[in-house]
Structure formats: C-alpha cells, structure tokens
$ cat input_7.csv   # CSV, C-alpha atoms
chain,number,residue,atom,x,y,z
Y,1360,MET,CA,82.6,123.8,114.9
Y,1361,SER,CA,81.0,122.7,111.6
Y,1362,ASP,CA,79.5,125.0,109.0
Y,1363,GLU,CA,76.8,124.0,106.6
Y,1364,HIS,CA,79.2,122.6,104.0
Y,1365,GLU,CA,81.1,120.4,106.4
Y,1366,PRO,CA,79.7,117.0,107.2
Y,1367,LEU,CA,78.9,116.6,110.9
Y,1368,ALA,CA,80.6,113.5,112.1
Y,1369,GLY,CA,79.2,110.9,114.5
Y,1370,ASP,CA,80.9,107.9,116.1
Y,1371,LEU,CA,80.2,105.3,113.4
Y,1372,LEU,CA,79.8,105.8,109.7
Y,1373,VAL,CA,78.0,102.9,107.9
Y,1374,ILE,CA,78.5,103.0,104.1
Y,1375,LEU,CA,75.8,101.2,102.1
Y,1376,ARG,CA,76.8,100.3,98.5
Y,1377,HIS,CA,74.2,97.8,97.4
Y,1378,ALA,CA,70.7,98.1,95.9
Y,1379,PRO,CA,67.6,96.8,97.7
Y,1380,HIS,CA,66.2,93.4,96.8
Y,1381,GLY,CA,69.1,92.1,94.8
Y,1382,SER,CA,71.1,90.9,97.8
Y,1383,SER,CA,71.0,91.0,101.6
Y,1384,TRP,CA,73.8,93.5,101.9
Y,1385,LEU,CA,71.6,96.5,102.3
Y,1386,ARG,CA,69.5,94.9,105.0
Y,1387,GLU,CA,72.5,93.5,106.9
Y,1388,GLY,CA,74.3,96.8,106.7
Y,1389,LEU,CA,71.2,98.6,108.0
Y,1390,ASP,CA,70.8,96.1,110.8
Y,1391,VAL,CA,74.3,97.0,112.0
Y,1392,ALA,CA,73.4,100.7,111.9
Y,1393,LEU,CA,70.2,100.2,113.8
Y,1394,VAL,CA,71.8,98.0,116.5
Y,1395,ALA,CA,74.7,100.4,116.9
Y,1396,ALA,CA,72.2,103.3,117.3
Y,1397,ALA,CA,70.1,101.3,119.8
Y,1398,PHE,CA,73.4,100.9,121.8
Y,1399,GLY,CA,73.7,104.7,121.9
Y,1400,THR,CA,76.3,105.1,119.1
Y,1401,GLU,CA,75.9,108.2,117.0
Y,1402,VAL,CA,75.5,106.7,113.5
Y,1403,SER,CA,75.9,108.4,110.1
Y,1404,LEU,CA,74.8,106.7,106.9
Y,1405,LEU,CA,76.4,107.1,103.5
Y,1406,PHE,CA,74.7,105.6,100.4
Y,1407,MET,CA,77.3,105.1,97.7
Y,1408,GLY,CA,77.2,103.6,94.2
Y,1409,GLU,CA,74.1,101.4,93.8
Y,1410,GLY,CA,73.2,102.1,97.4
Y,1411,VAL,CA,71.6,105.4,96.4
Y,1412,THR,CA,68.8,103.4,94.8
Y,1413,ALA,CA,67.8,102.3,98.4
Y,1414,LEU,CA,66.2,105.8,98.7
Y,1415,VAL,CA,64.0,105.7,95.6
Y,1416,GLU,CA,60.3,106.3,96.5
Y,1417,ASP,CA,57.5,103.8,95.9
Y,1418,GLN,CA,59.4,100.6,96.6
Y,1419,THR,CA,57.3,97.5,97.3
Y,1420,ALA,CA,57.9,94.0,98.6
Y,1421,GLY,CA,60.0,91.8,96.4
Y,1422,ALA,CA,59.6,88.2,95.0
Y,1423,LEU,CA,57.5,86.0,97.3
Y,1424,GLY,CA,56.6,89.0,99.3
Y,1425,GLN,CA,60.1,89.3,100.7
Y,1426,LYS,CA,60.3,92.5,102.7
Y,1427,GLY,CA,62.4,95.2,101.2
Y,1428,THR,CA,64.5,97.8,103.1
Y,1429,ALA,CA,62.3,100.8,102.6
Y,1430,PRO,CA,60.2,100.1,105.8
Y,1431,THR,CA,63.4,99.9,107.8
Y,1432,LEU,CA,64.7,103.2,106.3
Y,1433,GLU,CA,61.5,104.8,107.5
Y,1434,MET,CA,62.3,103.9,111.0
Y,1435,LEU,CA,65.8,105.5,111.0
Y,1436,GLU,CA,64.5,108.7,112.7
Y,1437,MET,CA,63.1,106.6,115.6
Y,1438,TYR,CA,66.6,105.4,116.2
Y,1439,ASP,CA,68.0,108.9,116.1
Y,1440,ILE,CA,69.9,108.3,112.9
Y,1441,GLU,CA,69.6,111.6,111.3
Y,1442,THR,CA,72.8,112.1,109.3
Y,1443,LEU,CA,72.0,110.7,105.9
Y,1444,TRP,CA,74.3,111.3,102.9
Y,1445,VAL,CA,74.3,110.2,99.3
Y,1446,GLU,CA,77.1,110.1,96.8
Y,1447,ALA,CA,76.5,113.0,94.4
Y,1448,GLU,CA,78.3,111.2,91.5
Y,1449,ALA,CA,76.2,108.1,92.0
Y,1450,LEU,CA,73.0,110.1,91.9
Y,1451,SER,CA,73.9,111.6,88.5
Y,1452,ARG,CA,74.9,108.1,87.2
Y,1453,PHE,CA,71.3,106.9,88.0
Y,1454,GLY,CA,69.6,110.1,86.9
Y,1455,LEU,CA,68.3,110.8,90.4
Y,1456,ASP,CA,68.0,114.1,92.4
Y,1457,ALA,CA,68.6,114.2,96.1
Y,1458,ASP,CA,65.3,116.1,96.6
Y,1459,GLU,CA,63.2,113.3,95.0
Y,1460,LEU,CA,64.5,110.6,97.4
Y,1461,MET,CA,62.9,109.5,100.6
Y,1462,LEU,CA,64.3,110.8,103.9
Y,1463,ALA,CA,65.8,114.0,102.3
Y,1464,PRO,CA,69.5,112.9,102.3
Y,1465,ARG,CA,72.3,115.4,101.6
Y,1466,ALA,CA,74.4,114.9,98.5
Y,1467,LEU,CA,78.2,114.8,99.0
Y,1468,GLU,CA,80.8,115.4,96.3
Y,1469,ALA,CA,83.9,113.2,96.3
Y,1470,GLY,CA,85.9,115.6,98.4
Y,1471,ALA,CA,83.2,115.7,101.1
Y,1472,ILE,CA,83.0,111.9,101.1
Y,1473,ALA,CA,86.7,111.6,102.0
Y,1474,GLU,CA,86.2,114.3,104.6
Y,1475,ALA,CA,83.2,112.4,106.2
Y,1476,VAL,CA,85.3,109.2,106.2
Y,1477,ARG,CA,88.2,111.0,107.8
Y,1478,LYS,CA,86.1,112.4,110.6
Y,1479,HIS,CA,84.5,109.2,111.8
Y,1480,PRO,CA,86.6,107.2,114.2
Y,1481,ARG,CA,84.9,104.0,113.0
Y,1482,VAL,CA,83.7,103.1,109.5
Y,1483,LEU,CA,82.0,99.9,108.2
Y,1484,THR,CA,81.4,99.2,104.6
Y,1485,PHE,CA,78.5,97.0,103.3
V,761,MET,CA,97.1,96.0,119.9
V,762,ARG,CA,93.7,94.4,120.2
V,763,TYR,CA,92.3,93.3,116.9
V,764,ALA,CA,89.0,91.9,115.7
V,765,ILE,CA,88.1,90.5,112.3
V,766,LEU,CA,84.7,90.8,110.5
V,767,LEU,CA,84.4,88.0,108.0
V,768,MET,CA,81.6,88.1,105.4
V,769,GLY,CA,82.7,85.8,102.6
V,770,SER,CA,81.5,82.2,102.2
V,771,PRO,CA,84.2,79.6,102.8
V,772,TYR,CA,85.6,78.0,99.6
V,773,SER,CA,83.4,80.2,97.4
V,774,ASP,CA,85.4,83.3,98.1
V,775,GLN,CA,89.0,83.9,99.1
V,776,ALA,CA,87.9,86.0,102.1
V,777,SER,CA,88.0,83.2,104.7
V,778,HIS,CA,91.5,82.1,103.6
V,779,SER,CA,92.6,85.8,103.6
V,780,ALA,CA,91.1,86.4,107.1
V,781,LEU,CA,92.7,83.2,108.6
V,782,ARG,CA,96.1,84.1,107.1
V,783,PHE,CA,95.8,87.6,108.4
V,784,ALA,CA,94.8,86.3,111.9
V,785,ARG,CA,97.9,84.1,112.0
V,786,ALA,CA,100.1,87.0,110.9
V,787,LEU,CA,98.8,89.5,113.5
V,788,LEU,CA,99.3,87.0,116.3
V,789,ALA,CA,102.8,86.3,115.0
V,790,ARG,CA,103.5,90.0,115.4
V,791,GLY,CA,102.5,89.9,119.1
V,792,HIS,CA,99.0,91.3,118.8
V,793,ARG,CA,95.9,90.0,120.4
V,794,LEU,CA,92.9,88.8,118.4
V,795,GLU,CA,89.8,89.3,120.5
V,796,ALA,CA,87.3,87.8,118.2
V,797,VAL,CA,86.2,86.9,114.7
V,798,PHE,CA,82.7,88.0,113.9
V,799,PHE,CA,81.0,85.9,111.1
V,800,TYR,CA,78.4,87.8,109.2
V,801,HIS,CA,76.6,87.6,105.8
V,802,ASP,CA,77.8,84.4,104.1
V,803,GLY,CA,80.7,84.3,106.4
V,804,VAL,CA,78.5,82.4,108.8
V,805,TYR,CA,79.0,79.2,106.8
V,806,ASN,CA,82.5,79.1,108.3
V,807,ALA,CA,80.8,77.7,111.4
V,808,ALA,CA,79.2,74.8,109.6
V,809,ARG,CA,79.8,71.7,111.8
V,810,LEU,CA,79.6,69.3,108.8
V,811,SER,CA,82.0,71.1,106.5
V,812,ALA,CA,84.2,68.4,104.9
V,813,PRO,CA,86.7,69.8,102.4
V,814,PRO,CA,89.0,67.4,100.5
V,815,GLN,CA,92.0,66.4,102.6
V,816,ASP,CA,94.5,68.2,100.4
V,817,GLU,CA,92.7,71.5,101.0
V,818,PRO,CA,92.9,73.8,104.1
V,819,HIS,CA,90.2,73.0,106.6
V,820,LEU,CA,88.9,76.5,107.5
V,821,ALA,CA,86.6,75.5,110.3
V,822,ASP,CA,89.4,73.6,112.0
V,823,GLY,CA,91.6,76.6,111.5
V,824,TRP,CA,89.2,78.8,113.4
V,825,VAL,CA,88.8,76.3,116.2
V,826,ALA,CA,92.6,76.1,116.5
V,827,LEU,CA,92.7,79.9,116.9
V,828,HIS,CA,90.2,79.6,119.7
V,829,GLU,CA,92.0,76.8,121.4
V,830,GLU,CA,95.5,78.2,121.1
V,831,GLN,CA,94.8,81.9,121.6
V,832,GLY,CA,91.3,82.1,123.1
V,833,VAL,CA,89.9,83.9,120.1
V,834,ALA,CA,86.1,84.2,120.4
V,835,LEU,CA,84.2,82.8,117.3
V,836,GLN,CA,81.0,84.9,117.2
V,837,VAL,CA,78.4,84.0,114.6
V,838,CYS,CA,75.6,86.4,113.8
V,839,ILE,CA,72.5,84.5,114.8
V,840,ALA,CA,70.1,86.3,112.4
V,841,ALA,CA,72.4,85.6,109.5
V,842,ALA,CA,73.0,82.1,110.6
V,843,LEU,CA,69.4,81.0,111.2
V,844,ARG,CA,68.3,82.2,107.8
V,845,ARG,CA,71.0,80.0,106.2
V,846,GLY,CA,70.3,76.8,108.2
V,847,LEU,CA,73.1,77.2,110.7
V,848,MET,CA,72.0,76.7,114.3
V,849,ASP,CA,73.3,75.2,117.5
V,850,GLU,CA,71.5,72.5,119.6
V,851,ARG,CA,69.6,75.1,121.6
V,852,GLU,CA,68.3,76.9,118.5
V,853,ALA,CA,67.5,73.6,116.8
V,854,ALA,CA,65.4,72.5,119.7
V,855,ARG,CA,63.7,75.9,119.7
V,856,HIS,CA,62.9,75.6,116.0
V,857,GLY,CA,61.9,71.9,116.2
V,858,LYS,CA,64.8,70.7,114.1
V,859,ALA,CA,66.2,67.2,114.3
V,860,GLY,CA,69.9,68.1,114.0
V,861,HIS,CA,72.2,71.0,114.7
V,862,SER,CA,74.8,72.5,112.4
V,863,VAL,CA,76.9,74.8,114.7
V,864,GLU,CA,78.7,73.8,117.9
V,865,ALA,CA,81.2,75.3,120.3
V,866,PRO,CA,83.6,77.0,120.2
V,867,PHE,CA,81.5,78.9,117.6
V,868,GLU,CA,78.8,80.8,119.5
V,869,LEU,CA,75.6,82.3,118.1
V,870,THR,CA,75.3,85.9,119.1
V,871,GLY,CA,73.8,89.2,118.0
V,872,VAL,CA,75.0,92.1,115.9
V,873,GLY,CA,75.5,94.0,119.1
V,874,GLN,CA,78.7,92.0,119.6
V,875,LEU,CA,80.1,93.4,116.4
V,876,VAL,CA,79.3,96.9,117.5
V,877,ASP,CA,80.9,96.1,120.9
V,878,LEU,CA,84.1,94.8,119.1
V,879,SER,CA,84.3,97.8,116.9
V,880,GLN,CA,84.3,100.0,120.1
V,881,ARG,CA,86.7,98.1,122.3
V,882,CYS,CA,89.2,96.9,119.8
V,883,ASP,CA,92.0,99.0,118.4
V,884,ARG,CA,91.5,97.6,114.9
V,885,LEU,CA,88.6,96.0,113.2
V,886,VAL,CA,89.6,94.5,109.8
V,887,THR,CA,86.8,93.4,107.4
V,888,PHE,CA,87.2,90.6,104.9
V,889,GLY,CA,84.3,90.6,102.3
V,890,PRO,CA,83.6,88.3,99.4
U,882,MET,CA,95.8,108.0,108.0
U,883,LYS,CA,93.4,105.1,107.1
U,884,LEU,CA,94.2,102.0,105.2
U,885,HIS,CA,91.8,101.1,102.4
U,886,ILE,CA,91.7,97.4,101.3
U,887,VAL,CA,90.4,96.5,97.8
U,888,ASN,CA,89.9,92.9,96.8
U,889,ARG,CA,88.2,93.3,93.4
U,890,SER,CA,89.9,93.7,90.1
U,891,PRO,CA,89.6,97.1,88.4
U,892,ALA,CA,89.2,95.2,85.1
U,893,SER,CA,85.7,94.1,86.2
U,894,TYR,CA,84.5,96.2,89.1
U,895,ARG,CA,84.2,99.9,90.1
U,896,VAL,CA,84.9,99.1,93.7
U,897,HIS,CA,88.3,100.8,93.5
U,898,GLU,CA,86.6,104.0,92.5
U,899,GLN,CA,84.6,104.0,95.7
U,900,ALA,CA,87.8,103.5,97.7
U,901,LEU,CA,89.5,106.3,95.9
U,902,ALA,CA,86.6,108.6,96.4
U,903,ALA,CA,86.7,107.9,100.2
U,904,MET,CA,90.5,108.4,100.5
U,905,GLY,CA,92.1,111.3,102.2
U,906,PRO,CA,95.4,112.8,101.1
U,907,GLU,CA,97.4,110.6,103.5
U,908,ASP,CA,95.4,107.4,103.2
U,909,ARG,CA,96.9,104.3,101.7
U,910,LEU,CA,95.4,101.6,99.5
U,911,LEU,CA,96.3,97.9,99.7
U,912,LEU,CA,95.3,95.5,96.8
U,913,ILE,CA,94.6,91.9,97.9
U,914,GLU,CA,93.0,88.8,96.3
U,915,ASP,CA,91.8,89.6,92.8
U,916,GLY,CA,92.5,93.3,93.5
U,917,VAL,CA,96.2,92.7,92.9
U,918,GLN,CA,95.4,92.7,89.2
U,919,GLY,CA,95.3,96.4,89.6
U,920,GLY,CA,99.1,96.3,90.0
U,921,LEU,CA,99.6,95.3,86.4
U,922,PRO,CA,101.1,98.0,84.2
U,923,GLN,CA,98.0,98.1,82.0
U,924,LEU,CA,95.6,98.6,85.0
U,925,VAL,CA,97.7,100.6,87.5
U,926,ARG,CA,96.6,103.8,85.8
U,927,HIS,CA,93.4,103.5,87.7
U,928,PHE,CA,95.4,104.4,90.8
U,929,GLU,CA,97.4,107.3,89.4
U,930,ALA,CA,95.7,109.7,91.8
U,931,ILE,CA,97.5,108.2,94.8
U,932,PRO,CA,101.2,108.0,93.8
U,933,GLY,CA,103.4,106.4,96.4
U,934,ARG,CA,100.4,105.2,98.4
U,935,LEU,CA,99.5,102.0,96.5
U,936,TYR,CA,100.4,98.6,97.9
U,937,ALA,CA,99.8,95.0,96.8
U,938,LEU,CA,99.9,91.8,98.7
U,939,ARG,CA,102.9,89.6,97.7
U,940,GLU,CA,101.3,86.3,98.5
U,941,ASP,CA,98.3,87.0,96.3
U,942,LEU,CA,100.5,88.2,93.5
U,943,GLU,CA,102.6,85.1,93.8
U,944,ALA,CA,99.7,82.7,93.8
U,945,ARG,CA,98.4,84.2,90.6
U,946,GLY,CA,101.8,84.2,88.9
U,947,LEU,CA,101.7,88.0,88.7
U,948,LEU,CA,104.6,89.0,91.1
U,949,GLY,CA,107.1,89.6,88.2
U,950,ARG,CA,104.5,91.5,86.2
U,951,CYS,CA,103.6,94.0,89.0
U,952,ASP,CA,104.3,97.6,88.1
U,953,ALA,CA,107.4,99.1,89.7
U,954,SER,CA,105.2,102.0,91.2
U,955,VAL,CA,103.4,99.5,93.4
U,956,GLN,CA,104.9,98.7,96.8
U,957,VAL,CA,104.7,95.0,97.4
U,958,VAL,CA,104.2,93.8,101.0
U,959,ASP,CA,103.8,90.3,102.4
U,960,VAL,CA,101.1,89.5,105.0
U,961,ASP,CA,103.4,90.6,107.8
U,962,GLY,CA,103.6,93.9,106.0
U,963,PHE,CA,99.8,93.9,105.7
U,964,VAL,CA,99.5,93.7,109.5
U,965,GLN,CA,102.1,96.5,109.8
U,966,LEU,CA,100.0,98.7,107.5
U,967,THR,CA,97.0,98.1,109.8
U,968,GLU,CA,99.2,99.1,112.8
U,969,GLU,CA,100.3,102.3,111.2
U,970,ALA,CA,96.7,103.2,110.1
U,971,GLU,CA,94.3,104.5,112.7
U,972,HIS,CA,91.5,102.5,111.0
U,973,THR,CA,90.9,100.2,108.0
U,974,LEU,CA,88.1,100.2,105.5
U,975,SER,CA,87.5,97.3,103.2
U,976,TRP,CA,86.0,97.7,99.7
U,977,TYR,CA,84.7,94.4,98.2

$ encode --input "input_7.csv" --output "structure tokens"
Amino acid sequence: MSDEHEPLAGDLLVILRHAPHGSSWLREGLDVALVAAAFGTEVSLLFMGEGVTALVEDQTAGALGQKGTAPTLEMLEMYDIETLWVEAEALSRFGLDADELMLAPRALEAGAIAEAVRKHPRVLTF
Amino acid sequence: MRYAILLMGSPYSDQASHSALRFARALLARGHRLEAVFFYHDGVYNAARLSAPPQDEPHLADGWVALHEEQGVALQVCIAAALRRGLMDEREAARHGKAGHSVEAPFELTGVGQLVDLSQRCDRLVTFGP
Amino acid sequence: MKLHIVNRSPASYRVHEQALAAMGPEDRLLLIEDGVQGGLPQLVRHFEAIPGRLYALREDLEARGLLGRCDASVQVVDVDGFVQLTEEAEHTLSWY
C-alpha cells in the first residue's frame, strides 16, 4: 500500500512538542504512548517544534538528578514503537540533522505531516 | 455520540478547565453522552478536595461533581500525575503514610490506560490544554 | 475532516503554525480562549492559508471585548456551534 515516501500509519499518533527537562509534557506524552503500546495499540510518534530536541544525543539527568526522557526513549523499541518522525522544519530551526539524532527518526516535510495526521484514526498532542 | 474530555490545564490558572466544563455542558445539551473526563498533567488539580474559590467565582470541582451526579460522567484522575502533585485519596494516603487525603469520590484515581481506553471506545475525545 | 483547536495567541506563540502544518486540505481550525486574538484583522493573516476554514468562539471573543473587532473572514460560532464542529469532524486535535 505505502511506498517509501508515504508515512505508514498506525492506530494512534502521539505528537510531542516539548523539550526534555523544562516541563513534564514530554514525559507525560511518552507515558501515554508506552501505555497505549503495552495495550496492543500500534503507536506512531511525531516530534514537532521543540520536541525534536528530545532526540539529541548525550543527554543527562537534570537538576537534583531528575530523570530525563532519554532512557524512556531508548525503550521504545521494546514496546514495538518503531514509527518515529521528526518535523523537518523544526530540525533546521535548531540546526540539527535527522541522522545525528538518537533512534534514527525520519524527517517529515509539512505536507507529509498533514498526511500522517490524516491517516491516523486517533491523534493526541502533548 | 459518545464523548470523552482530556483536561490538562490547572484550574483557575488556565482557562482550560472553564472551557472544558462549558463544552461538557454544551455537548450534553445537544443530546450526546459524556463518558468521562480524564484529568492529566496539571488538570489533576481539578480533583483537589479542599479547593475553596471565592463565592462569586465558579466552583469547578463542584461543577465536575454535578456532571457525575446528573449524568453519570466518570471523573478519572491520572494517579501518577496526581501523586506527584500531592493529590491522593484515602487509600493512597494510607499507603504513603500521609495524615490526610486530598481526593475523594466521585473523582477516582486511575491509570493512563483509562485514557487509552476512552480514546478507543468514544466517538470523540476532545483535549483542553493550558 | 479533522477539527484543530488552537487556544494560544499568534501574537506570542507559534502553536498555530504547528496546527497549520498538520492540517489537511479539508480540515478546519477553531480559535478559542486567547487564540481568538488571531481573529483580529491585524493577526488574521497568519491563517490566510486556510480561507473559509477559520472559526472563532463567540463566548471567548465576547468576554475579551473583541467580538466587534473580529475580521469578517472569520466564522464566529458559539459553544453549541463548537460541539457541532466536533460532530462534523471525524476527530479533533488540540494545539496549546
């Protein structure tokens, strides 16, 4: 059905738009994705805006040793969450390349983002 | 149609809770069913038992309780988000050795799995964020 | 068709850009809360990519004294109309 340029759609798309450490949004959004996957939902993740910085390598614990989200992201494969997208425009805004990020996400241009959203029966934004 | 609401804004700090309660009333008035409100992120503060807004302001917690009493709307509070923020029912308070409790029925502490379940079985899930 | 709900002002946030990037050709966008500022003539240009598909919530415009200042290109709906928009959409996405 889908060729290489067409995003493969799962049941639930979780859009993550916040950076790690600065707020709990990223962690709480990921929690929903992990629980949904554990329930057998096919989950796709899209990192938009500041959310793309969640995938920067070499993150550490935060103030007071507060756990970051990088260890959780490393577990995504165990939960069979394999569709990982990043917003191409946000990458260029931050001067990042998709191939230097952890988990090898695929960059989506604006048109492909709308297409990914259209194809998922359920979308949650965090 | 069967609706669910995901509420993530803190009461009185953000308009989200007011917007969500207003939307809940409007969807019921149009003959829909509201299965549940799921409180997540700072939205869990809506369940605070000791909330005491000035009398000339809307009482949000009472508003949610009224929805439950009149329409059987489930009031589901994410337990992980709640415990971190000092919101717990009697059972959790006992488990954590706390002298008082800050959440009571009809608000129920539950897991994120309930949100996933709502998103699957409801026709519409509408999110109100801060 | 999906309904996108934006509650942040385009004067201070880029949230509306995320909503616009995620919108398909049939999708609609509803401005609520501080988002209704986007209906002002000076700010409505941010939404020029979606002619005829921009809505704003009457109650939130009224509360802010902005109802009379809302651009004519914006379709104003009350909260009953908000529910109706969610009925007509197969799904809603909130951008906050």

$ closest_residue --input "input_7.csv" --among "U:Gln918, U:Gln899, U:Ser954, U:Gln923" --to "chain Y" --atoms "only C-alpha atoms"
U:Gln899

$ residues_around --input "input_7.csv" --residues "segment 1399-1408 of chain Y" --least-positions-apart "2" --cutoff "9 Å" --atoms "all atoms listed in the file" --output "PyMOL selection string"
(chain Y and resi 1367-1378+1389+1392-1397+1410-1414+1439-1450+1452+1472+1479) or (chain V and resi 876) or (chain U and resi 895-896+899)

$ write_last_selection --input "input_7.csv" --atoms "C-alpha atoms" --output "PDB file, in the coordinates of the input"
ATOM      1  CA  LEU Y1367      78.900 116.600 110.900  1.00  0.00           C
ATOM      2  CA  ALA Y1368      80.600 113.500 112.100  1.00  0.00           C
ATOM      3  CA  GLY Y1369      79.200 110.900 114.500  1.00  0.00           C
ATOM      4  CA  ASP Y1370      80.900 107.900 116.100  1.00  0.00           C
ATOM      5  CA  LEU Y1371      80.200 105.300 113.400  1.00  0.00           C
ATOM      6  CA  LEU Y1372      79.800 105.800 109.700  1.00  0.00           C
ATOM      7  CA  VAL Y1373      78.000 102.900 107.900  1.00  0.00           C
ATOM      8  CA  ILE Y1374      78.500 103.000 104.100  1.00  0.00           C
ATOM      9  CA  LEU Y1375      75.800 101.200 102.100  1.00  0.00           C
ATOM     10  CA  ARG Y1376      76.800 100.300  98.500  1.00  0.00           C
ATOM     11  CA  HIS Y1377      74.200  97.800  97.400  1.00  0.00           C
ATOM     12  CA  ALA Y1378      70.700  98.100  95.900  1.00  0.00           C
ATOM     13  CA  LEU Y1389      71.200  98.600 108.000  1.00  0.00           C
ATOM     14  CA  ALA Y1392      73.400 100.700 111.900  1.00  0.00           C
ATOM     15  CA  LEU Y1393      70.200 100.200 113.800  1.00  0.00           C
ATOM     16  CA  VAL Y1394      71.800  98.000 116.500  1.00  0.00           C
ATOM     17  CA  ALA Y1395      74.700 100.400 116.900  1.00  0.00           C
ATOM     18  CA  ALA Y1396      72.200 103.300 117.300  1.00  0.00           C
ATOM     19  CA  ALA Y1397      70.100 101.300 119.800  1.00  0.00           C
ATOM     20  CA  GLY Y1410      73.200 102.100  97.400  1.00  0.00           C
ATOM     21  CA  VAL Y1411      71.600 105.400  96.400  1.00  0.00           C
ATOM     22  CA  THR Y1412      68.800 103.400  94.800  1.00  0.00           C
ATOM     23  CA  ALA Y1413      67.800 102.300  98.400  1.00  0.00           C
ATOM     24  CA  LEU Y1414      66.200 105.800  98.700  1.00  0.00           C
ATOM     25  CA  ASP Y1439      68.000 108.900 116.100  1.00  0.00           C
ATOM     26  CA  ILE Y1440      69.900 108.300 112.900  1.00  0.00           C
ATOM     27  CA  GLU Y1441      69.600 111.600 111.300  1.00  0.00           C
ATOM     28  CA  THR Y1442      72.800 112.100 109.300  1.00  0.00           C
ATOM     29  CA  LEU Y1443      72.000 110.700 105.900  1.00  0.00           C
ATOM     30  CA  TRP Y1444      74.300 111.300 102.900  1.00  0.00           C
ATOM     31  CA  VAL Y1445      74.300 110.200  99.300  1.00  0.00           C
ATOM     32  CA  GLU Y1446      77.100 110.100  96.800  1.00  0.00           C
ATOM     33  CA  ALA Y1447      76.500 113.000  94.400  1.00  0.00           C
ATOM     34  CA  GLU Y1448      78.300 111.200  91.500  1.00  0.00           C
ATOM     35  CA  ALA Y1449      76.200 108.100  92.000  1.00  0.00           C
ATOM     36  CA  LEU Y1450      73.000 110.100  91.900  1.00  0.00           C
ATOM     37  CA  ARG Y1452      74.900 108.100  87.200  1.00  0.00           C
ATOM     38  CA  ILE Y1472      83.000 111.900 101.100  1.00  0.00           C
ATOM     39  CA  HIS Y1479      84.500 109.200 111.800  1.00  0.00           C
TER      40      HIS Y1479
ATOM     41  CA  VAL V 876      79.300  96.900 117.500  1.00  0.00           C
TER      42      VAL V 876
ATOM     43  CA  ARG U 895      84.200  99.900  90.100  1.00  0.00           C
ATOM     44  CA  VAL U 896      84.900  99.100  93.700  1.00  0.00           C
ATOM     45  CA  GLN U 899      84.600 104.000  95.700  1.00  0.00           C
TER      46      GLN U 899
END

$ residues_around --input "input_7.csv" --residues "Ala970 of chain U" --least-positions-apart "3" --cutoff "6 Å" --atoms "all atoms listed in the file" --output "MDAnalysis selection string"
chainID U and resid 882:884 967

$ write_last_selection --input "input_7.csv" --atoms "C-alpha atoms" --output "compact mmCIF listing (two decimals), keeping the file's coordinate frame"
# COMPACT_ATOMS: atom_id res chain seq x y z
CA MET U 882 95.80 108.00 108.00
CA LYS U 883 93.40 105.10 107.10
CA LEU U 884 94.20 102.00 105.20
CA THR U 967 97.00 98.10 109.80

$ residues_around --input "input_7.csv" --residues "Ala776 of chain V" --least-positions-apart "6" --cutoff "9 Å" --atoms "only C-alpha atoms" --output "number ranges by chain"
V: 767-770, 803, 888-890; U: 888, 914

$ residues_around --input "input_7.csv" --residues "Arg926 of chain U" --least-positions-apart "4" --cutoff "12 Å" --atoms "all atoms listed in the file" --output "list in words"
Pro891, Ala892, His897, Gln918, Gly919, Gly920, Leu921, Pro922, Ala930, Ile931, Pro932, Leu935, Asp952, Ser954 and Val955 of chain U

$ closest_atom_pairs --input "input_7.csv" --of "chain V" --to "chain U" --cutoff "8 Å" --atoms "all atoms listed in the file" --output "Markdown table"
| residue | atom | partner | partner_atom | distance |
| --- | --- | --- | --- | --- |
| V:Gln775 | CA | U:Glu914 | CA | 6.9 |
| V:Ser779 | CA | U:Glu914 | CA | 7.9 |
| V:Arg782 | CA | U:Val960 | CA | 7.7 |
| V:Phe783 | CA | U:Val960 | CA | 6.6 |
| V:Ala786 | CA | U:Asp961 | CA | 5.8 |
| V:Leu787 | CA | U:Val964 | CA | 5.8 |
| V:Arg790 | CA | U:Asp961 | CA | 7.6 |
| V:Arg884 | CA | U:His972 | CA | 6.3 |
| V:Leu885 | CA | U:Thr973 | CA | 7.1 |
| V:Val886 | CA | U:Thr973 | CA | 6.1 |
| V:Thr887 | CA | U:Ser975 | CA | 5.8 |
| V:Phe888 | CA | U:Ser975 | CA | 6.9 |
| V:Gly889 | CA | U:Tyr977 | CA | 5.6 |
| V:Pro890 | CA | U:Tyr977 | CA | 6.3 |

$ write_last_selection --input "input_7.csv" --atoms "C-alpha atoms" --output "PDB file, keeping the file's coordinate frame"
ATOM      1  CA  GLN V 775      89.000  83.900  99.100  1.00  0.00           C
ATOM      2  CA  SER V 779      92.600  85.800 103.600  1.00  0.00           C
ATOM      3  CA  ARG V 782      96.100  84.100 107.100  1.00  0.00           C
ATOM      4  CA  PHE V 783      95.800  87.600 108.400  1.00  0.00           C
ATOM      5  CA  ALA V 786     100.100  87.000 110.900  1.00  0.00           C
ATOM      6  CA  LEU V 787      98.800  89.500 113.500  1.00  0.00           C
ATOM      7  CA  ARG V 790     103.500  90.000 115.400  1.00  0.00           C
ATOM      8  CA  ARG V 884      91.500  97.600 114.900  1.00  0.00           C
ATOM      9  CA  LEU V 885      88.600  96.000 113.200  1.00  0.00           C
ATOM     10  CA  VAL V 886      89.600  94.500 109.800  1.00  0.00           C
ATOM     11  CA  THR V 887      86.800  93.400 107.400  1.00  0.00           C
ATOM     12  CA  PHE V 888      87.200  90.600 104.900  1.00  0.00           C
ATOM     13  CA  GLY V 889      84.300  90.600 102.300  1.00  0.00           C
ATOM     14  CA  PRO V 890      83.600  88.300  99.400  1.00  0.00           C
TER      15      PRO V 890
END

$ closest_residue --input "input_7.csv" --among "Y:Glu1459, Y:Gln1425, Y:Glu1409, Y:Ser1382" --to "chain U" --atoms "only C-alpha atoms"
Y:Glu1409
